[in-house]
Amino acid sequence: MARATAPTDHSVPLTADGSNAVETWFASRGWEPWPFQRETWSAYRAGRSGLVHVPTGAGKTYAAYGGPLRDLIEEAFGRDCEPREVKGLRIVFITPLRAVTRDIELALKAPLEELGLLGPFVTVESRTGDTTQAVRARQKKRLPNVLITTPESLTLRLTEADAAKRLASVRCAIVDEWHELLSSKRGTQVELALARLRRFASEMRTWALSATLGNLEAAADAAVPDGDPLVVRADIPRPVVIESVLPDAESPFPWAGHMGLTQLTRVVDRIEKDAEGMPARSTLIFVNTRSQCERWHSALHVARPDWERVLAIHHGSLDREDRERVEAGLKSGAIKVVVATSSLDLGVDFAPVETVMQIGSPKGIARLMQRAGRASHRPGAACTIVCVPTNAMEFLEVAAVRRAVAVGRTEPRLPEERPLDVLVQHMVTIALGGGFEPDALFDEVRRARAYRDLPREEFDWALALVTHGGETLRAYSEYHRVQEDDEGVHRVENRRIASIHRMNIGAITADAVMDIRFRNGKKLGYIEESFIDKLKSGQKFVFAGRVVRYEFTHDLTAYVTPATGRVTFTPVWGGTRLPISESLSEAVRAALESVDNGEFDPELEPELAVAGRLVKIQRRFSVVPRADQTLVELCRTREGSHMFVYPFEGQLVHGGLAALVALRLTRRRSASFSIAANDYGFELLSPDPYPFDELIGAELFSTDNLGEDARESVNLSAMARSQFREVARVSGLVIQNQPGMKQRQRHMQARAGLIYDVFEEFDPENKLLHQAKREVLEKQFERSRLGRTLSRIAGNEILVQPIERMTPLSLPLFIERVGARLTTESIAERVEKMRAAWEKAM
Amino acid sequence: MKTVADCEIKIGGVAVALCAERAAFVPAEGLLLAADLHLGKSQTFRAGGAMIPRGVTDEQFRRLDSAIGRLRPSRVVFLGDLFHAPIGVTEDIASRLGNWVERCGARVALVHGNHDRRLGKGLATRLGELGIEDLGAEATVGGLTLVHDVCDTASRPAVGGHHHPAIRIERDMGEGGTKIPAFHLRDDGGLTLPAFSRFTGGVAMRRRAGERLFAVAEERVIPL
């Protein structure tokens, strides 16, 4: 970097009265600040904190940065306009995405560089897990004036013994992508870190940056809990155009399934090409799952082998280097078409693409908007997203999202409520970073929104856990992580405990994954153990867009060799499928009713015309429920008695609801049910004849005793065991990373489940155990959403409809259930037969 | 303990009772068999930093005492993996085991398991101190071959442990239901006991041709 010299010729008019250097810099670039940017700058000037909510790419970063930057510039120039070195950390910029810190760093440096301040007078540096040892050593001596960091690295700064001294000079904390952090434990971690920073630097202002959210006020309160946060909204017109790839009127269209490869040729057609038939514009093709990503990538590869050089794949299981290469290629234009999962939802702010496609269900309103926002990052410009529904119901979803966007509806994101595991971790962090007195720390953590109602008794329980391991472990000195010194200050004395804690900071819990490598050692990425366990040596599968042959597993690494030939076998990654959101479900029910009534303009909502074909068949063989009705279909097949219920509330809720209804039915007449659930409804199947028709009534859907029944109906323990893994790791009950040894993840996995059982038997009152159970009910079953669903159904008319054969609504559920047992070919055949029968009957 | 229902079977002509304490009893020999106690496992995990609540070891000794009180064996043989790992065999664990050996009123012996072998030369010394007879890798008592893993021997009938057999009780929802311990018997006369320790992950078995499973459901052993 060229050595900067102080500008002697002040082309930048800087005066002591504070003419705005930032505005001048904008002007020098030919930019005109947006009103929301000016609003944020002056609010900052007035000492306020808040949240900036504007569409992606509209210039949020400079909105939040401008205020403290101006202070920084003025401080560097002083009253006499002679540049001087600024000492101490002034601005902390927190981003959840380690991968984008470099881009943010460049953006934050640009104005300082132009003024000749960067380097000798003002320093801007990043600090993440990737930071080199040299930079770490430098920062240990001296922090930069502007620090870009992740929540984990920020928390690590709080463990430094001189944290109070080093952080007292902070003037502003900026939290990027707050909508992403907000509803996770990482968000809680940031809330606690901010509370700590405010204690060190009482004048610190906080600005959170957020994309579209349904609960902006709550999000602002979480970032600025003890102020009066200003919510700055941009009045930037940014129309989102939602289009669909439509099947032609005659061609058959799948009624179920999620892969969507029948739409392949239409997708290829849709990608703009140059004279040589190569993709002319950068295109992002979003899919919903990693297996869909692999499948689409290989299908495109087969369809257009000539695109090989410009076609790439991007998902969270790929090796980081490979992902970065794809991101860089997209930026430089070397790569034109990328098939990606949510791994590219965020963080390509500085790499605009020209076309965005979405294969499959949009799942949520905000999610589709965010993905649409990837297209052309010019503020004010329209962004278009081309949706590619994979089955008939998804056409309804696309039209429903468009309607929701038109009226400005979107989903809220709910912050965590006082997770005890994060508090336990924070206590050890603070004990390391200068220590704490319990009363003062209690007061401080209650200033974080998540802990505003924390009872002292819970705080004391956590304190006991870190000081002596709690009641059951008092005897073991190794759990005395934190000790009280003579002055009543709680500190970590043991160096080993300190280093274990630093290595395990954070609230991100890795899945049970193995490395996947070629035999020469080159790493391809990560893969779930459960997938590898199912493979036989010699079996071929697709990973990272390549055909590979599985060889053997050694030391938690799966070794593969390159292979050739066509294989359609792709890993199915674990994890629950993302359900459609509550706001979207509601819009889908309304859209279904419109289709049934014919109340739509097929020019404006062509998706509804496509869905109309399905609705017509549904009406012929059953009924189409109105938005204020709940449809129940009953039939008998050689498999047994089936009951199908369609609340349209998303898969998780339906899973919980199905178990609940099954429990309530068996209380009246015992039976053994198998259950299937998807985003639209659920099925109960009894292999023996079962009188569903006699037993269906409003009581089945009553909210009375919901908590009790929910607990009884699902195997809470089995699910809490896997949730406990996260809780145990975050709170330090089990240790993921040990100094000097790479602990085998598998052991850690087995342990957490086992340890859960031991706790349940020998320490059943452990509060962390209760937390795991509560999190299961809330997260896995969206308990509150389940309750709202039940209330809604209670107010609905229940339509009980006997059916002779599978209907368009029941068929996908049928497939969901048998899918696990049968091969895909035979399902496809059975489905094909059913559809042929329907169409013949029409 | 409430009423305990054992399940009587015969392997190779020898009558064996499968006990709900996760043990087996050979009435003709007054012989009690238990496998995979993994003593010191909590202590090993604690040494690795995991916070395991206390009580696991006490519960094991209580369960052993209950089986002894009920069945009055003259001999107890542990079928391997009595100890989990060297670091977990603390003086406290050793003295609790020593006390139990003294008060149980039976001769106590061990066939080696893979975990016991981690103690190396220390194993023989330790067993000597504790008054536990060292039977090496395999022994024959009353027509039964006693071994850690019945797959390691061709002799039948044989009784072992090692595999921690369990069955999964399927649930329609949730992740895979619950596992409960089980006895596993092959038609050729190889019997595998469930792990005696509750602090062990069971390996879910599916019933295949030529094999039988007996689930340990609280106080009862139920043939499947």
# chains A, B, ... in the order shown; residues from 1 in each chain; ligands from 1

call {"tool": "select_by_dssp", "arguments": {"residues": "segment 17-146 of chain B", "states": "strand (DSSP E or B)", "output": "ChimeraX atom specification"}}
result
/B:17-19,23-26,31-35,39,75-78,83,107-110,133-134,138-141,144-146

call {"tool": "residues_around", "arguments": {"residues": "Ala5 of chain B", "least_positions_apart": "6", "cutoff": "8 Å", "atoms": "only C-alpha atoms", "output": "PDB file with N, CA and C atoms, in the first residue's frame"}}
result
ATOM      1  N   CYS B  19     -32.126 -61.578  33.604  1.00  0.00           N
ATOM      2  CA  CYS B  19     -32.637 -60.783  34.718  1.00  0.00           C
ATOM      3  C   CYS B  19     -32.808 -59.322  34.335  1.00  0.00           C
ATOM      4  N   ALA B  20     -33.833 -58.715  34.935  1.00  0.00           N
ATOM      5  CA  ALA B  20     -34.131 -57.316  34.646  1.00  0.00           C
ATOM      6  C   ALA B  20     -33.046 -56.371  35.151  1.00  0.00           C
ATOM      7  N   GLU B 219     -38.953 -53.585  35.105  1.00  0.00           N
ATOM      8  CA  GLU B 219     -38.720 -54.710  36.014  1.00  0.00           C
ATOM      9  C   GLU B 219     -38.912 -56.060  35.326  1.00  0.00           C
ATOM     10  N   ARG B 220     -39.098 -56.052  34.038  1.00  0.00           N
ATOM     11  CA  ARG B 220     -39.383 -57.316  33.373  1.00  0.00           C
ATOM     12  C   ARG B 220     -38.474 -57.523  32.172  1.00  0.00           C
ATOM     13  N   VAL B 221     -38.301 -58.789  31.835  1.00  0.00           N
ATOM     14  CA  VAL B 221     -37.587 -59.122  30.602  1.00  0.00           C
ATOM     15  C   VAL B 221     -38.599 -59.780  29.684  1.00  0.00           C
TER      16      VAL B 221
END

call {"tool": "closest_residue", "arguments": {"among": "A:Val466, A:Ala220, A:Leu614, A:Ala400", "to": "chain B", "atoms": "only C-alpha atoms"}}
result
A:Val466

call {"tool": "atom_distance", "arguments": {"atom1": "atom CA of Val122 of chain A", "atom2": "atom CA of Ala76 of chain A"}}
result
7.3 Å

call {"tool": "residues_around", "arguments": {"residues": "Ile242 of chain A", "least_positions_apart": "2", "cutoff": "12 Å", "atoms": "only C-alpha atoms", "output": "MDAnalysis selection string"}}
result
chainID A and resid 239:240 244:245 355:358 362 365 368:369 371:373 375 382:388 395 397:406 604:607

call {"tool": "closest_residue", "arguments": {"among": "B:Ala166, B:Ala50, B:Val14, B:Ala106", "to": "chain A", "atoms": "only C-alpha atoms"}}
result
B:Ala50

call {"tool": "residues_around", "arguments": {"residues": "Val632 of chain A", "least_positions_apart": "2", "cutoff": "8 Å", "atoms": "only C-alpha atoms", "output": "list in words"}}
result
Thr630, Leu634, Met643, Phe644, Val645, Tyr646, Ile798, Leu799, Val800 and Gln801 of chain A

call {"tool": "closest_residue", "arguments": {"among": "B:Gln60, B:Ser155, B:Gln43, B:Thr125", "to": "Val89 of chain B", "atoms": "only C-alpha atoms"}}
result
B:Gln43

call {"tool": "decode", "arguments": {"residues": "segment 209-227 of chain A", "atoms": "N, CA and C atoms", "output": "mmCIF file, in the first residue's frame"}}
result
data_model
loop_
_atom_site.group_PDB
_atom_site.id
_atom_site.type_symbol
_atom_site.label_atom_id
_atom_site.label_comp_id
_atom_site.auth_asym_id
_atom_site.auth_seq_id
_atom_site.Cartn_x
_atom_site.Cartn_y
_atom_site.Cartn_z
ATOM 1 N N LEU A 209 -28.288 -2.931 11.448
ATOM 2 C CA LEU A 209 -28.706 -2.881 10.048
ATOM 3 C C LEU A 209 -29.535 -4.111 9.762
ATOM 4 N N SER A 210 -30.695 -3.899 9.165
ATOM 5 C CA SER A 210 -31.569 -5.044 8.973
ATOM 6 C C SER A 210 -32.259 -4.993 7.623
ATOM 7 N N ALA A 211 -32.457 -6.171 7.053
ATOM 8 C CA ALA A 211 -33.298 -6.268 5.866
ATOM 9 C C ALA A 211 -34.744 -6.408 6.337
ATOM 10 N N THR A 212 -35.604 -6.718 5.396
ATOM 11 C CA THR A 212 -37.031 -6.786 5.672
ATOM 12 C C THR A 212 -37.358 -7.697 6.861
ATOM 13 N N LEU A 213 -38.160 -7.206 7.758
ATOM 14 C CA LEU A 213 -38.587 -7.945 8.935
ATOM 15 C C LEU A 213 -40.016 -7.549 9.258
ATOM 16 N N GLY A 214 -40.774 -8.477 9.819
ATOM 17 C CA GLY A 214 -42.144 -8.151 10.210
ATOM 18 C C GLY A 214 -42.241 -7.490 11.569
ATOM 19 N N ASN A 215 -41.135 -7.483 12.336
ATOM 20 C CA ASN A 215 -41.175 -6.902 13.687
ATOM 21 C C ASN A 215 -39.973 -5.997 13.934
ATOM 22 N N LEU A 216 -39.919 -4.926 13.159
ATOM 23 C CA LEU A 216 -38.764 -4.038 13.240
ATOM 24 C C LEU A 216 -38.583 -3.418 14.610
ATOM 25 N N GLU A 217 -39.709 -3.063 15.252
ATOM 26 C CA GLU A 217 -39.592 -2.383 16.551
ATOM 27 C C GLU A 217 -38.916 -3.306 17.564
ATOM 28 N N ALA A 218 -39.331 -4.580 17.561
ATOM 29 C CA ALA A 218 -38.727 -5.544 18.490
ATOM 30 C C ALA A 218 -37.257 -5.746 18.159
ATOM 31 N N ALA A 219 -36.937 -5.771 16.874
ATOM 32 C CA ALA A 219 -35.547 -5.939 16.468
ATOM 33 C C ALA A 219 -34.714 -4.752 16.950
ATOM 34 N N ALA A 220 -35.277 -3.551 16.843
ATOM 35 C CA ALA A 220 -34.561 -2.354 17.291
ATOM 36 C C ALA A 220 -34.374 -2.393 18.804
ATOM 37 N N ASP A 221 -35.402 -2.844 19.527
ATOM 38 C CA ASP A 221 -35.295 -2.936 20.980
ATOM 39 C C ASP A 221 -34.233 -3.914 21.415
ATOM 40 N N ALA A 222 -34.085 -4.999 20.655
ATOM 41 C CA ALA A 222 -33.086 -5.991 21.019
ATOM 42 C C ALA A 222 -31.678 -5.417 20.854
ATOM 43 N N ALA A 223 -31.488 -4.593 19.822
ATOM 44 C CA ALA A 223 -30.161 -4.005 19.596
ATOM 45 C C ALA A 223 -29.897 -2.866 20.577
ATOM 46 N N VAL A 224 -30.943 -2.118 20.893
ATOM 47 C CA VAL A 224 -30.809 -0.934 21.759
ATOM 48 C C VAL A 224 -31.832 -1.046 22.878
ATOM 49 N N PRO A 225 -31.568 -1.907 23.869
ATOM 50 C CA PRO A 225 -32.628 -2.192 24.836
ATOM 51 C C PRO A 225 -32.882 -1.077 25.828
ATOM 52 N N ASP A 226 -31.879 -0.257 26.121
ATOM 53 C CA ASP A 226 -32.128 0.730 27.165
ATOM 54 C C ASP A 226 -32.064 2.148 26.617
ATOM 55 N N GLY A 227 -32.349 2.280 25.348
ATOM 56 C CA GLY A 227 -32.392 3.614 24.787
ATOM 57 C C GLY A 227 -33.750 3.804 24.197
#
